[in-house]
file start-v5.csv (CSV, C-alpha atoms)
chain,number,residue,atom,x,y,z
N,741,MET,CA,5.0,6.2,-3.7
N,742,LEU,CA,1.2,6.5,-3.1
N,743,SER,CA,0.1,10.1,-3.6
N,744,ASP,CA,-2.4,11.8,-1.4
N,745,LYS,CA,-4.5,12.5,-4.4
N,746,ASN,CA,-4.9,8.9,-5.5
N,747,ALA,CA,-5.1,7.3,-2.0
N,748,PRO,CA,-8.8,8.2,-1.3
N,749,ARG,CA,-10.0,6.7,-4.6
N,750,LEU,CA,-8.0,3.6,-4.1
N,751,LEU,CA,-9.3,3.4,-0.6
N,752,GLY,CA,-12.9,3.7,-1.8
N,753,PHE,CA,-12.4,1.0,-4.4
N,754,ALA,CA,-10.7,-1.3,-1.8
N,755,PHE,CA,-13.7,-0.9,0.6
N,756,PHE,CA,-16.2,-1.6,-2.2
N,757,PHE,CA,-14.2,-4.6,-3.6
N,758,VAL,CA,-13.7,-6.2,-0.2
N,759,ALA,CA,-17.4,-5.9,0.6
N,760,VAL,CA,-18.6,-7.4,-2.7
N,761,LEU,CA,-16.0,-10.1,-2.7
N,762,SER,CA,-16.9,-11.1,0.9
N,763,LEU,CA,-20.6,-11.4,-0.1
N,764,VAL,CA,-19.9,-13.4,-3.3
N,765,SER,CA,-17.5,-15.7,-1.6
N,766,GLY,CA,-19.8,-16.3,1.4
N,767,LEU,CA,-23.0,-17.0,-0.4
N,768,PRO,CA,-22.1,-20.6,-1.4
N,769,LEU,CA,-21.1,-21.5,2.2
N,770,ASP,CA,-24.4,-20.1,3.6
N,771,SER,CA,-26.3,-22.0,0.9
N,772,TYR,CA,-24.7,-25.3,1.9
N,773,GLY,CA,-25.4,-24.9,5.6
N,774,ILE,CA,-21.9,-23.7,6.7
N,775,ALA,CA,-23.6,-20.8,8.6
N,776,LEU,CA,-21.4,-18.1,10.1
N,777,ILE,CA,-23.7,-17.8,13.2
N,778,GLY,CA,-25.3,-20.6,15.2
N,779,GLU,CA,-25.1,-24.4,14.9
N,780,SER,CA,-25.8,-26.8,12.1
N,781,GLU,CA,-29.1,-28.6,12.6
N,782,ASN,CA,-27.7,-31.7,10.9
N,783,ILE,CA,-24.0,-31.9,10.1
N,784,SER,CA,-24.7,-34.9,7.8
N,785,PHE,CA,-26.9,-32.8,5.5
N,786,THR,CA,-24.3,-30.1,5.4
N,787,MET,CA,-21.6,-32.6,4.5
N,788,VAL,CA,-23.7,-34.0,1.7
N,789,ASP,CA,-24.4,-30.5,0.3
N,790,VAL,CA,-20.7,-29.6,0.5
N,791,ALA,CA,-19.6,-32.8,-1.2
N,792,SER,CA,-22.2,-32.3,-4.0
N,793,ASN,CA,-20.9,-28.8,-4.7
N,794,GLN,CA,-17.2,-29.3,-4.6
N,795,SER,CA,-16.4,-26.8,-7.4
N,796,THR,CA,-18.4,-24.0,-5.9
N,797,VAL,CA,-16.9,-24.5,-2.4
N,798,ARG,CA,-13.4,-24.5,-3.9
N,799,LEU,CA,-14.2,-21.2,-5.7
N,800,SER,CA,-15.4,-19.8,-2.4
N,801,ILE,CA,-12.1,-20.7,-0.8
N,802,ILE,CA,-10.2,-19.0,-3.6
N,803,GLY,CA,-12.4,-15.9,-3.3
N,804,TYR,CA,-11.7,-15.7,0.4
N,805,LEU,CA,-8.0,-16.0,-0.2
N,806,ILE,CA,-8.2,-13.1,-2.6
N,807,GLU,CA,-10.2,-11.2,0.0
N,808,SER,CA,-7.5,-11.8,2.6
N,809,CYS,CA,-5.0,-10.1,0.3
N,810,SER,CA,-7.4,-7.3,-0.4
N,811,ILE,CA,-7.9,-6.7,3.3
N,812,VAL,CA,-4.1,-6.2,3.6
N,813,LEU,CA,-4.3,-3.5,0.8
N,814,LEU,CA,-7.3,-1.9,2.5
N,815,ALA,CA,-5.6,-1.7,5.9
N,816,VAL,CA,-2.4,-0.2,4.4
N,817,LEU,CA,-4.4,2.4,2.5
N,818,LEU,CA,-6.4,3.3,5.7
N,819,TYR,CA,-3.1,3.6,7.6
N,820,HIS,CA,-1.7,5.9,4.8
N,821,VAL,CA,-4.8,8.2,4.8
N,822,LEU,CA,-5.3,8.3,8.6
N,823,ARG,CA,-1.7,8.3,9.9
N,824,PRO,CA,-1.3,12.1,9.8
N,825,HIS,CA,-4.3,12.4,12.2
N,826,ASN,CA,-3.0,9.9,14.8
N,827,GLN,CA,-0.1,7.6,14.0
N,828,ILE,CA,-0.4,5.5,17.1
N,829,LEU,CA,-4.1,4.7,16.6
N,830,ALA,CA,-3.6,4.2,12.8
N,831,THR,CA,-0.8,1.7,13.6
N,832,TRP,CA,-3.0,-0.2,16.0
N,833,GLY,CA,-5.8,-0.3,13.4
N,834,LEU,CA,-3.4,-1.5,10.7
N,835,GLY,CA,-2.1,-4.3,13.0
N,836,LEU,CA,-5.6,-5.5,13.9
N,837,TRP,CA,-6.8,-5.6,10.2
N,838,LEU,CA,-3.6,-7.4,9.2
N,839,ALA,CA,-4.4,-10.0,11.9
N,840,GLU,CA,-8.0,-10.2,10.4
N,841,ALA,CA,-6.5,-10.9,7.0
N,842,VAL,CA,-4.5,-13.8,8.4
N,843,PHE,CA,-7.6,-15.2,10.1
N,844,VAL,CA,-9.6,-15.0,6.8
N,845,ALA,CA,-6.8,-17.1,5.1
N,846,VAL,CA,-6.5,-19.6,8.0
N,847,ARG,CA,-10.3,-20.0,8.1
N,848,GLN,CA,-10.1,-21.6,4.6
N,849,ILE,CA,-8.2,-24.6,6.1
N,850,SER,CA,-11.3,-25.5,8.1
N,851,VAL,CA,-13.5,-25.2,5.0
N,852,TYR,CA,-11.1,-27.3,2.9
N,853,GLY,CA,-10.9,-29.9,5.7
N,854,LEU,CA,-14.7,-30.1,5.9
N,855,LEU,CA,-14.8,-30.5,2.1
N,856,ARG,CA,-12.4,-33.4,2.1
N,857,ILE,CA,-14.2,-35.1,5.0
N,858,SER,CA,-17.5,-34.5,3.3
N,859,ILE,CA,-16.3,-36.1,0.1
N,860,GLU,CA,-15.1,-39.2,2.0
N,861,PHE,CA,-18.3,-39.3,3.9
N,862,VAL,CA,-20.4,-39.4,0.7
N,863,GLU,CA,-18.1,-41.9,-1.1
N,864,SER,CA,-18.4,-44.2,1.9
N,865,GLY,CA,-22.1,-44.5,1.1
N,866,LEU,CA,-23.1,-42.6,4.3
N,867,THR,CA,-22.7,-45.8,6.3
N,868,THR,CA,-19.5,-45.0,8.0
N,869,SER,CA,-19.0,-44.9,11.7
N,870,LEU,CA,-19.4,-41.7,13.6
N,871,ASN,CA,-15.7,-40.8,13.1
N,872,LEU,CA,-16.3,-38.9,9.9
N,873,LEU,CA,-19.3,-37.1,11.3
N,874,THR,CA,-17.3,-36.2,14.4
N,875,LEU,CA,-14.5,-34.8,12.2
N,876,GLY,CA,-17.0,-32.9,10.1
N,877,THR,CA,-18.5,-31.3,13.2
N,878,LEU,CA,-15.0,-30.4,14.4
N,879,PHE,CA,-14.1,-28.6,11.1
N,880,TYR,CA,-17.5,-27.0,11.1
N,881,GLN,CA,-17.2,-25.6,14.6
N,882,LEU,CA,-13.6,-24.6,13.9
N,883,PHE,CA,-14.8,-22.6,11.0
N,884,GLN,CA,-17.3,-20.8,13.2
N,885,PHE,CA,-14.7,-20.1,15.9
N,886,ILE,CA,-12.1,-18.7,13.5
N,887,TYR,CA,-14.8,-16.5,11.9
N,888,ALA,CA,-15.9,-15.1,15.3
N,889,SER,CA,-12.2,-14.5,16.2
N,890,GLN,CA,-11.6,-12.8,12.9
N,891,MET,CA,-14.5,-10.5,13.4
N,892,ILE,CA,-13.2,-9.4,16.8
N,893,PHE,CA,-10.0,-8.1,15.1
N,894,TYR,CA,-12.1,-6.5,12.3
N,895,THR,CA,-14.6,-4.7,14.6
N,896,VAL,CA,-11.9,-3.4,17.1
N,897,GLY,CA,-9.8,-2.2,14.2
N,898,GLY,CA,-12.9,-0.8,12.5
N,899,LEU,CA,-13.7,1.2,15.7
N,900,ILE,CA,-10.2,2.7,15.6
N,901,PHE,CA,-10.3,3.6,11.9
N,902,TYR,CA,-13.9,4.9,11.9
N,903,TYR,CA,-13.1,7.0,15.0
N,904,LEU,CA,-10.2,8.5,13.1
N,905,PHE,CA,-12.6,9.2,10.2
N,906,PHE,CA,-14.9,10.9,12.6
N,907,ALA,CA,-12.3,13.0,14.4
N,908,SER,CA,-10.5,14.0,11.2
N,909,ARG,CA,-13.7,14.7,9.2
N,910,THR,CA,-12.1,12.8,6.3
N,911,VAL,CA,-15.6,11.6,5.5
N,912,PRO,CA,-19.0,13.0,6.6
N,913,ARG,CA,-19.6,12.5,10.3
N,914,TRP,CA,-22.9,10.7,9.7
N,915,LEU,CA,-21.0,8.1,7.6
N,916,SER,CA,-18.3,7.6,10.2
N,917,LEU,CA,-20.9,7.3,12.9
N,918,TRP,CA,-22.6,4.6,10.9
N,919,GLY,CA,-19.3,2.7,10.8
N,920,LEU,CA,-18.8,3.1,14.5
N,921,ILE,CA,-22.3,1.8,15.3
N,922,ALA,CA,-22.0,-1.1,12.8
N,923,ALA,CA,-18.6,-2.1,14.3
N,924,SER,CA,-19.9,-1.8,17.8
N,925,LEU,CA,-22.9,-4.0,17.1
N,926,GLY,CA,-20.7,-6.5,15.4
N,927,LEU,CA,-18.2,-6.6,18.3
N,928,VAL,CA,-20.9,-7.2,20.9
N,929,GLY,CA,-22.5,-9.9,18.7
N,930,GLU,CA,-19.2,-11.8,18.2
N,931,LEU,CA,-18.3,-11.6,21.9
N,932,LEU,CA,-21.7,-13.1,22.6
N,933,VAL,CA,-21.1,-15.8,20.0
N,934,LEU,CA,-17.7,-16.7,21.6
N,935,LEU,CA,-19.5,-16.9,25.0
N,936,GLY,CA,-21.8,-19.6,23.5
N,937,ASN,CA,-24.8,-17.5,22.7
N,938,ASN,CA,-26.9,-17.5,19.6
N,939,VAL,CA,-27.0,-14.1,17.9
N,940,LEU,CA,-29.3,-12.9,15.2
N,941,MET,CA,-27.7,-11.9,11.9
N,942,PHE,CA,-29.3,-8.5,12.3
N,943,ALA,CA,-26.5,-7.5,14.6
N,944,PHE,CA,-24.0,-7.9,11.7
N,945,LEU,CA,-26.1,-6.6,8.8
N,946,PRO,CA,-25.1,-2.8,9.0
N,947,ILE,CA,-21.4,-3.7,8.3
N,948,PHE,CA,-21.9,-4.7,4.6
N,949,PRO,CA,-23.9,-1.6,3.4
N,950,PHE,CA,-21.6,0.7,5.3
N,951,GLU,CA,-18.5,-0.6,3.5
N,952,LEU,CA,-20.4,-0.2,0.2
N,953,ALA,CA,-21.5,3.3,1.1
N,954,ILE,CA,-18.1,4.6,2.2
N,955,GLY,CA,-16.4,3.0,-0.8
N,956,ILE,CA,-18.8,4.6,-3.2
N,957,TRP,CA,-18.6,8.0,-1.4
N,958,LEU,CA,-14.8,8.1,-1.5
N,959,MET,CA,-14.7,7.2,-5.2
N,960,ALA,CA,-17.5,9.7,-6.0
N,961,LYS,CA,-15.7,12.4,-4.0
N,962,CYS,CA,-12.5,12.0,-5.9
N,963,THR,CA,-14.3,12.0,-9.3
N,964,LYS,CA,-16.2,15.2,-8.3
N,965,GLU,CA,-13.0,17.0,-7.3
N,966,GLU,CA,-11.3,16.1,-10.5
N,967,LYS,CA,-14.2,17.6,-12.6
N,968,GLN,CA,-14.0,20.9,-10.6

call {"tool": "encode", "arguments": {"input": "start-v5.csv", "output": "structure tokens"}}
result
Amino acid sequence: MLSDKNAPRLLGFAFFFVAVLSLVSGLPLDSYGIALIGESENISFTMVDVASNQSTVRLSIIGYLIESCSIVLLAVLLYHVLRPHNQILATWGLGLWLAEAVFVAVRQISVYGLLRISIEFVESGLTTSLNLLTLGTLFYQLFQFIYASQMIFYTVGGLIFYYLFFASRTVPRWLSLWGLIAASLGLVGELLVLLGNNVLMFAFLPIFPFELAIGIWLMAKCTKEEKQ
């Protein structure tokens, strides 16, 4: 059984690991034009890039599948740590982040579909009818929709967990406030995206450094307590 002594350190490591893995897995997709926000300027260029970098895209898919499993662990650890403060809210947060993990895994279907269509598009000599371009656009837009939906579950679950952090003083209040602000900005941004608006990436930037910061703080806190 997970002890209360080890849980915060494991939680900190999980936060840190998920944040880094998300960044590493997402960089190749951003580089090849599979942007998380907005529309592709030219889907044919994106498909050529994807087909030319098959190994990297496959590694990105694997990375995100590992991240999906890591999110499950993170959600369970958060539930374990915060359940004593409010079991109902902690349960809701757990459910929302488990749903996020499912969306992360399902999103890779659209990436793999785009990869296969892109390979066929390039092998055809780029002279194919509009069918492949239409399918490529479909998988591209499906990727964006699933990502936006995934982030709705993440941000709402994050608001619950970070509120419990704030109310319980498990972490410094400035840190939990940072999380609440980051999750709120992300939620508003993704709702605007789902409504068809273009949203600047600045609305989502505070999330990544927050996850790194809270992860490092929790690990450092446990290390300091052991030395005392």

call {"tool": "closest_residue", "arguments": {"input": "start-v5.csv", "among": "N:Phe883, N:Phe861, N:Phe756, N:Trp957", "to": "N:Pro912", "atoms": "all atoms listed in the file"}}
result
N:Trp957

call {"tool": "closest_residue", "arguments": {"input": "start-v5.csv", "among": "N:Leu822, N:Ile811, N:Leu805, N:Leu935", "to": "N:Phe906", "atoms": "all atoms listed in the file"}}
result
N:Leu822

call {"tool": "residues_around", "arguments": {"input": "start-v5.csv", "residues": "N:Val842", "least_positions_apart": "3", "cutoff": "12 Å", "atoms": "all atoms listed in the file", "output": "PDB file with C-alpha atoms, in the frame of the given file"}}
result
ATOM      1  CA  TYR N 804     -11.700 -15.700   0.400  1.00  0.00           C
ATOM      2  CA  LEU N 805      -8.000 -16.000  -0.200  1.00  0.00           C
ATOM      3  CA  ILE N 806      -8.200 -13.100  -2.600  1.00  0.00           C
ATOM      4  CA  GLU N 807     -10.200 -11.200   0.000  1.00  0.00           C
ATOM      5  CA  SER N 808      -7.500 -11.800   2.600  1.00  0.00           C
ATOM      6  CA  CYS N 809      -5.000 -10.100   0.300  1.00  0.00           C
ATOM      7  CA  SER N 810      -7.400  -7.300  -0.400  1.00  0.00           C
ATOM      8  CA  ILE N 811      -7.900  -6.700   3.300  1.00  0.00           C
ATOM      9  CA  VAL N 812      -4.100  -6.200   3.600  1.00  0.00           C
ATOM     10  CA  GLY N 835      -2.100  -4.300  13.000  1.00  0.00           C
ATOM     11  CA  LEU N 836      -5.600  -5.500  13.900  1.00  0.00           C
ATOM     12  CA  TRP N 837      -6.800  -5.600  10.200  1.00  0.00           C
ATOM     13  CA  LEU N 838      -3.600  -7.400   9.200  1.00  0.00           C
ATOM     14  CA  ALA N 839      -4.400 -10.000  11.900  1.00  0.00           C
ATOM     15  CA  ALA N 845      -6.800 -17.100   5.100  1.00  0.00           C
ATOM     16  CA  VAL N 846      -6.500 -19.600   8.000  1.00  0.00           C
ATOM     17  CA  ARG N 847     -10.300 -20.000   8.100  1.00  0.00           C
ATOM     18  CA  GLN N 848     -10.100 -21.600   4.600  1.00  0.00           C
ATOM     19  CA  ILE N 849      -8.200 -24.600   6.100  1.00  0.00           C
ATOM     20  CA  ILE N 886     -12.100 -18.700  13.500  1.00  0.00           C
ATOM     21  CA  TYR N 887     -14.800 -16.500  11.900  1.00  0.00           C
ATOM     22  CA  SER N 889     -12.200 -14.500  16.200  1.00  0.00           C
ATOM     23  CA  GLN N 890     -11.600 -12.800  12.900  1.00  0.00           C
ATOM     24  CA  MET N 891     -14.500 -10.500  13.400  1.00  0.00           C
ATOM     25  CA  PHE N 893     -10.000  -8.100  15.100  1.00  0.00           C
ATOM     26  CA  TYR N 894     -12.100  -6.500  12.300  1.00  0.00           C
TER      27      TYR N 894
END

call {"tool": "closest_residue", "arguments": {"input": "start-v5.csv", "among": "N:Leu917, N:Met787, N:Leu958, N:Val797", "to": "N:Ile900", "atoms": "all atoms listed in the file"}}
result
N:Leu917

call {"tool": "closest_residue", "arguments": {"input": "start-v5.csv", "among": "N:Ile954, N:Leu761, N:Ile892, N:Val788", "to": "N:Arg856", "atoms": "only C-alpha atoms"}}
result
N:Val788

call {"tool": "atom_distance", "arguments": {"input": "start-v5.csv", "atom1": "atom CA of N:Leu854", "atom2": "atom CA of N:Asp789"}}
result
11.2 Å

call {"tool": "atom_distance", "arguments": {"input": "start-v5.csv", "atom1": "atom CA of N:Leu855", "atom2": "atom CA of N:Phe944"}}
result
26.2 Å

call {"tool": "residues_around", "arguments": {"input": "start-v5.csv", "residues": "N:Gly897", "least_positions_apart": "6", "cutoff": "12 Å", "atoms": "all atoms listed in the file", "output": "MDAnalysis selection string"}}
result
chainID N and resid 811 814:815 818:819 829:841 890:891 903:904 919:920 923:924 926:927

call {"tool": "closest_residue", "arguments": {"input": "start-v5.csv", "among": "N:Val790, N:Ala953, N:Val816, N:Val851", "to": "N:Leu882", "atoms": "only C-alpha atoms"}}
result
N:Val851

call {"tool": "atom_distance", "arguments": {"input": "start-v5.csv", "atom1": "atom CA of N:Phe843", "atom2": "atom CA of N:Leu925"}}
result
20.2 Å

call {"tool": "closest_residue", "arguments": {"input": "start-v5.csv", "among": "N:Pro946, N:Glu863, N:Ser850, N:Phe755", "to": "N:Leu813", "atoms": "all atoms listed in the file"}}
result
N:Phe755

call {"tool": "residues_around", "arguments": {"input": "start-v5.csv", "residues": "N:Phe905", "least_positions_apart": "5", "cutoff": "8 Å", "atoms": "all atoms listed in the file", "output": "list in words"}}
result
Leu822, Thr910, Val911, Arg913 and Ser916 of chain N
